[in-house]
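Data file: query23.cif. Format and content: mmCIF, C-alpha atoms.
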data_my_file
loop_
_atom_site.label_atom_id
_atom_site.label_comp_id
_atom_site.auth_asym_id
_atom_site.auth_seq_id
_atom_site.Cartn_x
_atom_site.Cartn_y
_atom_site.Cartn_z
CA MET A 25 0.00 0.00 0.00
CA ASN A 26 1.40 3.41 -0.97
CA ALA A 27 1.34 6.72 0.90
CA HIS A 28 -2.11 7.51 -0.52
CA GLY A 29 -3.64 4.36 0.97
CA ARG A 30 -3.99 2.59 -2.36
CA ILE A 31 -2.74 -0.86 -3.40
CA PRO A 32 -0.24 -0.44 -6.26
CA ALA A 33 -1.33 -1.84 -9.63
CA GLY A 34 -0.27 -5.46 -10.07
CA ALA A 35 -0.02 -6.14 -6.34
CA ARG A 36 -1.80 -9.33 -5.19
CA ARG A 37 -4.87 -8.96 -3.08
CA SER A 38 -5.56 -11.50 -0.33
CA PRO A 39 -8.91 -13.27 -0.89
CA PRO A 40 -11.57 -12.20 1.58
CA ARG A 41 -12.08 -14.57 4.49
CA PRO A 42 -15.59 -15.99 4.93
CA PRO A 43 -17.76 -14.09 7.43
CA GLY A 44 -17.14 -15.02 11.04
CA ILE A 45 -13.77 -16.65 10.36
CA GLN A 46 -10.95 -15.15 12.43
CA ARG A 47 -7.22 -15.69 12.18
CA TRP A 48 -6.28 -18.78 14.17
CA SER A 49 -3.31 -20.24 15.93
CA ALA A 50 -1.64 -23.25 14.27
CA GLU A 51 -3.56 -25.56 16.61
CA ASP A 52 -6.91 -23.95 15.79
CA ARG A 53 -6.17 -24.10 12.08
CA GLY A 54 -5.32 -27.79 12.36
CA LEU A 55 -8.66 -28.46 14.02
CA HIS A 56 -10.49 -26.68 11.20
CA VAL A 57 -8.58 -28.64 8.56
CA GLU A 58 -9.24 -32.02 10.19
CA ARG A 59 -12.90 -31.23 10.87
CA LEU A 60 -13.42 -30.24 7.25
CA ARG A 61 -11.49 -33.33 6.10
CA ASP A 62 -13.91 -35.54 8.07
CA LEU A 63 -16.97 -33.75 6.70
CA LEU A 64 -15.68 -34.08 3.15
CA ARG A 65 -14.89 -37.77 3.72
CA VAL A 66 -18.55 -38.34 4.63
CA THR A 67 -19.50 -36.53 1.42
CA VAL A 68 -17.17 -38.79 -0.58
CA VAL A 69 -18.49 -41.97 1.06
CA ASP A 70 -22.12 -40.94 0.51
CA ALA A 71 -21.42 -40.14 -3.14
CA THR A 72 -19.66 -43.42 -3.87
CA ALA A 73 -22.25 -45.46 -1.97
CA ALA A 74 -24.99 -43.94 -4.12
CA ALA A 75 -23.15 -44.41 -7.43
CA ALA A 76 -22.42 -47.61 -9.29
CA ALA A 77 -18.80 -46.53 -9.85
CA GLY A 78 -16.34 -43.82 -8.87
CA GLY A 79 -15.49 -40.81 -10.99
CA ALA A 80 -18.03 -38.34 -9.61
CA ARG A 81 -16.82 -34.75 -9.35
CA MET A 82 -16.75 -32.83 -6.11
CA PRO A 83 -17.70 -29.14 -5.83
CA ASN A 84 -14.86 -26.74 -6.63
CA GLU A 85 -12.89 -24.89 -3.97
CA SER A 86 -15.05 -21.75 -4.10
CA GLU A 87 -18.21 -23.79 -3.62
CA LEU A 88 -16.69 -25.68 -0.70
CA MET A 89 -15.59 -22.40 0.87
CA ARG A 90 -19.16 -21.07 0.73
CA GLU A 91 -20.75 -24.33 1.92
CA PHE A 92 -18.48 -24.88 4.92
CA GLY A 93 -17.48 -21.31 5.71
CA GLU A 94 -13.76 -22.04 5.54
CA PRO A 95 -10.95 -20.11 3.78
CA ARG A 96 -9.29 -21.46 0.65
CA ASP A 97 -6.10 -22.62 2.36
CA VAL A 98 -8.08 -24.80 4.79
CA VAL A 99 -10.17 -26.25 1.95
CA ARG A 100 -7.05 -27.05 -0.05
CA GLU A 101 -5.29 -28.75 2.84
CA ALA A 102 -8.38 -30.83 3.71
CA LEU A 103 -8.62 -31.95 0.08
CA SER A 104 -4.91 -32.81 0.11
CA LEU A 105 -5.47 -35.07 3.13
CA LEU A 106 -8.26 -36.90 1.29
CA ALA A 107 -6.01 -37.24 -1.76
CA ASP A 108 -3.29 -38.76 0.46
CA GLU A 109 -5.85 -41.33 1.60
CA GLY A 110 -6.56 -42.27 -2.01
CA LEU A 111 -10.18 -41.10 -1.87
CA ILE A 112 -9.94 -38.28 -4.41
CA GLN A 113 -7.70 -37.04 -7.21
CA ARG A 114 -7.21 -33.42 -8.23
CA ARG A 115 -6.97 -33.33 -12.03
CA ARG A 116 -5.88 -30.28 -13.96
CA GLY A 117 -8.67 -28.98 -16.16
CA VAL A 118 -11.19 -31.39 -14.62
CA GLY A 119 -11.35 -30.60 -10.91
CA THR A 120 -11.55 -32.86 -7.89
CA VAL A 121 -12.70 -36.36 -8.80
CA ILE A 122 -13.81 -39.10 -6.39
CA VAL A 123 -11.81 -42.24 -7.14
CA ALA A 124 -12.57 -44.37 -4.07
CA SER A 125 -15.21 -47.07 -3.93
CA SER A 126 -17.56 -47.40 -0.96
CA TYR A 127 -20.05 -50.07 0.05
CA THR A 128 -22.48 -49.52 2.91
CA VAL A 129 -23.55 -52.83 4.45
CA ASP A 130 -26.56 -53.29 6.71
CA GLY A 131 -25.39 -54.67 10.05
CA THR A 132 -28.43 -56.96 10.44
CA LEU A 133 -28.47 -60.62 9.42
CA PRO A 134 -30.07 -61.65 6.12
CA GLY A 135 -33.65 -62.87 6.39
CA THR A 136 -34.60 -66.49 5.84
CA SER A 137 -34.07 -67.51 2.19
CA THR A 138 -32.57 -64.08 1.45
CA SER A 139 -29.18 -64.05 -0.25
CA LEU A 140 -26.42 -61.84 1.07
CA SER A 141 -26.35 -60.06 -2.30
CA ASP A 142 -30.03 -59.12 -2.02
CA HIS A 143 -29.72 -58.25 1.66
CA ALA A 144 -26.65 -56.04 1.29
CA ALA A 145 -27.70 -54.50 -2.04
CA ILE A 146 -24.10 -53.55 -2.86
CA GLY A 147 -23.53 -55.74 -5.90
CA ALA A 148 -22.96 -59.44 -6.48
CA VAL A 149 -21.55 -60.88 -3.25
CA GLY A 150 -19.48 -64.01 -3.66
CA ALA A 151 -16.86 -66.07 -1.84
CA ARG A 152 -13.72 -68.03 -2.66
CA LEU A 153 -13.19 -70.90 -0.22
CA LEU A 154 -9.60 -71.21 1.01
CA HIS A 155 -9.83 -73.71 3.87
CA TRP A 156 -12.31 -76.31 5.16
CA ARG A 157 -11.37 -78.57 8.06
CA ARG A 158 -13.00 -80.31 11.00
CA GLY A 159 -10.81 -80.48 14.07
CA PRO A 160 -10.44 -79.80 17.78
CA VAL A 161 -11.37 -76.29 18.89
CA PRO A 162 -8.78 -74.22 20.78
CA ALA A 163 -9.68 -72.81 24.18
CA VAL A 164 -9.95 -69.22 22.91
CA ILE A 165 -12.75 -70.28 20.54
CA ALA A 166 -14.42 -72.64 23.03
CA ASP A 167 -14.72 -69.71 25.43
CA ARG A 168 -16.75 -67.85 22.79
CA LEU A 169 -19.16 -70.68 22.00
CA ASP A 170 -21.76 -72.36 24.22
CA ASP A 171 -22.00 -76.05 25.17
CA ILE A 172 -18.55 -76.83 23.82
CA ALA A 173 -15.23 -77.53 25.50
CA CYS A 174 -11.61 -77.14 24.46
CA GLY A 175 -10.71 -80.02 22.12
CA ASP A 176 -14.28 -80.65 20.91
CA ALA A 177 -14.74 -80.81 17.16
CA THR A 178 -15.67 -77.71 15.17
CA LEU A 179 -15.73 -76.86 11.49
CA CYS A 180 -13.18 -74.20 10.53
CA MET A 181 -13.71 -72.52 7.16
CA GLU A 182 -11.80 -69.58 5.70
CA TYR A 183 -12.82 -67.68 2.60
CA VAL A 184 -12.34 -64.45 0.66
CA LEU A 185 -15.49 -62.35 0.42
CA THR A 186 -15.91 -60.64 -2.96
CA ILE A 187 -18.15 -57.90 -4.34
CA ASP A 188 -18.60 -57.93 -8.10
CA GLY A 189 -15.51 -60.12 -8.25
CA THR A 190 -13.28 -57.78 -6.24
CA PRO A 191 -11.89 -59.22 -2.96
CA MET A 192 -13.24 -57.21 -0.03
CA GLY A 193 -12.86 -59.41 3.05
CA LEU A 194 -10.94 -62.34 4.52
CA ILE A 195 -13.10 -64.29 6.99
CA THR A 196 -12.61 -67.39 9.16
CA ASN A 197 -15.59 -69.09 10.83
CA TYR A 198 -15.62 -71.66 13.63
CA LEU A 199 -18.93 -73.51 13.56
CA ARG A 200 -20.08 -76.01 16.21
CA SER A 201 -20.31 -79.65 15.11
CA GLY A 202 -24.07 -79.81 15.72
CA GLU A 203 -24.82 -76.99 13.30
CA SER A 204 -22.19 -78.11 10.77
CA ALA A 205 -23.27 -81.76 10.62
CA GLY A 206 -23.73 -82.91 7.03
CA MET A 207 -22.04 -79.86 5.50
CA SER A 208 -19.42 -80.29 2.80
CA PRO A 209 -17.22 -77.86 0.86
CA GLU A 210 -19.44 -78.37 -2.18
CA ASP A 211 -22.33 -76.85 -0.19
CA PHE A 212 -20.48 -73.62 0.51
CA GLY A 213 -21.23 -71.82 -2.73
CA ASP A 214 -20.96 -68.02 -2.51
CA ASP A 215 -22.74 -67.23 0.73
CA PHE A 216 -21.96 -68.39 4.29
CA TYR A 217 -25.41 -67.40 5.56
CA ALA A 218 -27.09 -69.23 2.70
CA LEU A 219 -25.09 -72.32 3.72
CA LEU A 220 -26.52 -72.10 7.24
CA ASP A 221 -30.01 -71.43 5.91
CA HIS A 222 -29.80 -74.38 3.51
CA HIS A 223 -28.97 -76.74 6.39
CA GLY A 224 -31.74 -75.39 8.61
CA VAL A 225 -29.46 -73.75 11.17
CA ASP A 226 -31.36 -71.62 13.70
CA MET A 227 -29.75 -68.21 13.15
CA HIS A 228 -31.40 -65.50 15.25
CA ASP A 229 -29.01 -62.63 16.00
CA HIS A 230 -25.35 -61.70 16.30
CA ASP A 231 -22.79 -59.56 18.11
CA ILE A 232 -19.98 -57.69 16.35
CA ASP A 233 -16.80 -56.14 17.76
CA MET A 234 -14.70 -54.01 15.41
CA THR A 235 -11.32 -52.32 15.49
CA ALA A 236 -8.77 -50.99 13.00
CA GLN A 237 -5.74 -53.00 11.89
CA ALA A 238 -3.02 -52.62 9.30
CA ALA A 239 -3.04 -55.38 6.68
CA ASP A 240 -0.32 -58.00 7.02
CA ALA A 241 1.39 -59.41 3.93
CA ARG A 242 -0.95 -62.40 3.44
CA THR A 243 -4.12 -60.38 4.00
CA ALA A 244 -2.87 -57.67 1.64
CA GLU A 245 -2.14 -60.21 -1.10
CA LEU A 246 -5.55 -61.89 -0.80
CA LEU A 247 -7.43 -58.58 -0.71
CA GLY A 248 -5.40 -56.89 -3.43
CA ILE A 249 -4.15 -54.03 -1.26
CA GLU A 250 -0.77 -52.80 -0.12
CA PRO A 251 0.73 -54.25 3.11
CA GLY A 252 0.07 -51.85 5.95
CA SER A 253 -3.15 -50.55 4.38
CA PRO A 254 -5.98 -49.91 6.86
CA THR A 255 -8.51 -52.69 7.35
CA GLN A 256 -11.39 -53.29 9.72
CA LEU A 257 -10.83 -56.27 11.99
CA PHE A 258 -14.10 -57.72 13.27
CA GLU A 259 -15.23 -60.55 15.52
CA GLN A 260 -18.76 -61.86 15.02
CA THR A 261 -20.71 -64.22 17.27
CA LEU A 262 -23.88 -65.86 15.91
CA ARG A 263 -26.64 -66.89 18.31
CA ASN A 264 -29.71 -69.08 17.90
CA SER A 265 -33.22 -68.24 19.09
CA SER A 266 -32.36 -69.68 22.53
CA GLY A 267 -29.44 -67.28 22.86
CA ALA A 268 -26.78 -69.98 22.51
CA ARG A 269 -23.58 -68.98 20.71
CA PHE A 270 -22.90 -71.47 17.90
CA ASP A 271 -20.49 -69.71 15.51
CA PHE A 272 -17.55 -67.38 15.99
CA ALA A 273 -15.86 -65.54 13.13
CA ILE A 274 -12.74 -63.41 12.76
CA GLY A 275 -12.60 -61.26 9.65
CA ARG A 276 -10.78 -58.42 7.98
CA LEU A 277 -12.55 -56.03 5.64
CA ARG A 278 -11.09 -53.51 3.24
CA ARG A 279 -11.68 -49.92 4.26
CA GLU A 280 -14.22 -49.48 1.44
CA ILE A 281 -16.76 -51.43 3.53
CA ARG A 282 -18.89 -49.27 5.82
CA LEU A 283 -21.07 -51.12 8.34
CA ARG A 284 -24.38 -49.47 9.13
CA ILE A 285 -26.06 -50.34 12.44
CA THR A 286 -29.42 -48.66 12.95
CA GLY A 287 -32.18 -48.53 15.54
CA ILE A 288 -30.02 -48.95 18.63
CA GLY A 289 -32.14 -47.87 21.57
CA ARG A 290 -31.01 -45.79 24.48
CA VAL A 291 -30.03 -47.71 27.61
CA LEU A 292 -32.14 -46.40 30.47
CA PRO A 293 -31.37 -46.87 34.18
CA VAL A 294 -33.43 -49.46 36.00
CA HIS A 295 -34.99 -48.08 39.18
CA PRO A 296 -35.87 -50.54 41.93
CA ALA A 297 -39.56 -50.98 42.61
CA ARG A 298 -40.88 -49.01 45.53
#
What is this file in structure tokens?
Amino acid sequence: MNAHGRIPAGARRSPPRPPGIQRWSAEDRGLHVERLRDLLRVTVVDATAAAAAGGARMPNESELMREFGEPRDVVREALSLLADEGLIQRRRGVGTVIVASSYTVDGTLPGTSTSLSDHAAIGAVGARLLHWRRGPVPAVIADRLDDIACGDATLCMEYVLTIDGTPMGLITNYLRSGESAGMSPEDFGDDFYALLDHHGVDMHDHDIDMTAQAADARTAELLGIEPGSPTQLFEQTLRNSSGARFDFAIGRLRREIRLRITGIGRVLPVHPAR
């Protein structure tokens, strides 16, 4: 600015900051970037879950600035974080393009005589059987099943879960001998739940525990991802209508899988009767 209070011709003007946005400390700015990154990730996941394939374009920087009330530098850094995760690509002359795939899976069990493909509605769900063996159950599995002791026979089966032919999960099930009686590898087909349904197994509800885990070399090779890539490690316990635990599974899912669990009620305190 010169002595007359004017900006010399050719000098760069700083873009106006959105209303209400103040200058922040480095810590405050980091919070804004990460918060915006998370909001944009939800946008990306919703877009890919609704589309048959990736390639959808995101709003441009100016539109994102107006929508979220953030300055351009914050928008750019949040987009860079998503690009580092492999969710988007910024293409010259095209804009920001969503390149990730996303599949939202209902956390409930398939209904009777309902295929996993129809239940999940995310494409053709299939499976590639890797291992099928009856043998003594280790104590860690016996502790997670009812009416079974360490050393009792169980059926162990391991398979790769696929969606439209793409490997998406590596799953190992331990099924009690009573429920697995008469089953053979030829019965497995493409759907573990259909296998249980076909043999009349009483499958009522399930519990799931989930955590994050980096893919080891074998998992990465089977799922077609890089070693160290993020995966979702889950443990699933199937129960029959009497509440007995009859199957325990350990699985790893690619990060493209999003599990949706709905209708969880609020836990209210129980007051003693007066």
Answer key for the PyMOL selection byres ((chain A and resi 185) around 12), residues as JSON, numbers by chain: {"A": [140, 141, 148, 149, 150, 151, 152, 153, 154, 182, 183, 184, 186, 187, 188, 189, 190, 191, 192, 193, 194, 195, 196, 213, 214, 215, 216, 246, 247, 275, 276, 277, 278, 281]}
Selection: 12 Å around Ala144 of chain A, only C-alpha atoms, excl. self and same-chain fewer than 6 positions, as a ChimeraX atom specification: /A:73,127-135,138,150,187,215,281-284
Result set, the PyMOL selection byres ((chain A and resi 240) around 12) on current file, as a ChimeraX atom specification: /A:194,237-239,241-255,257,276
Selection under test: the PyMOL selection byres ((chain A and resi 123) around 12); residues as a PyMOL selection string: chain A and resi 68-69+71-72+75+77-82+106-115+120-122+124-126+280
Find the residues with any atom within 9 Å of (-24.4, -79.7, 18.8); use all atoms listed in the file and the coordinates as given in the file, and write the answer as a short mmCIF file (atom, residue, chain, number, x, y, z; two decimals) with C-alpha atoms, in the frame of the given file.
data_model
loop_
_atom_site.label_atom_id
_atom_site.label_comp_id
_atom_site.auth_asym_id
_atom_site.auth_seq_id
_atom_site.Cartn_x
_atom_site.Cartn_y
_atom_site.Cartn_z
CA ASP A 171 -22.00 -76.05 25.17
CA ILE A 172 -18.55 -76.83 23.82
CA ARG A 200 -20.08 -76.01 16.21
CA SER A 201 -20.31 -79.65 15.11
CA GLY A 202 -24.07 -79.81 15.72
CA GLU A 203 -24.82 -76.99 13.30
CA SER A 204 -22.19 -78.11 10.77
CA ALA A 205 -23.27 -81.76 10.62
CA PHE A 270 -22.90 -71.47 17.90
#
For Val99 of chain A, the nearest of the candidates A:Gly117, A:Pro209, A:Pro83, A:Pro293, counting only C-alpha atoms: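 Once distances to Val99 of chain A are computed over only C-alpha atoms, the minimum belongs to A:Pro83.
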Using all atoms listed in the file: which of A:Ala268, A:Ile146, A:Leu60, A:Met181 has the shortest distance to Met227 of chain A: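 Nearest to Met227 of chain A: A:Ala268.
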Length of the atom CA of Glu259 of chain A to atom CA of Leu292 of chain A vector [Å]: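 Between atom CA of Glu259 of chain A and atom CA of Leu292 of chain A the gap works out to 26.6 Å.
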Residue contacts of Arg96 of chain A (8 Å, all atoms listed in the file) excluding same-chain residues fewer than 6 positions away, as JSON, numbers by chain: {"A": [85, 86, 89]}
Straight-line distance linking atom CA of Gly93 of chain A with atom CA of Ser49 of chain A, stated in Å to one decimal: 17.5 Å
Residue nearest Gly159 of chain A among A:Tyr198, A:Arg61, A:Arg269, A:Ser137 (counting all atoms listed in the file): A:Tyr198
Selected residue of minimal separation from Asn197 of chain A among A:Arg90, A:His155, A:Arg53, A:Arg279, counting all atoms listed in the file: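 Going through A:Arg90, A:His155, A:Arg53, A:Arg279 one by one, the smallest distance to Asn197 of chain A is for A:His155.
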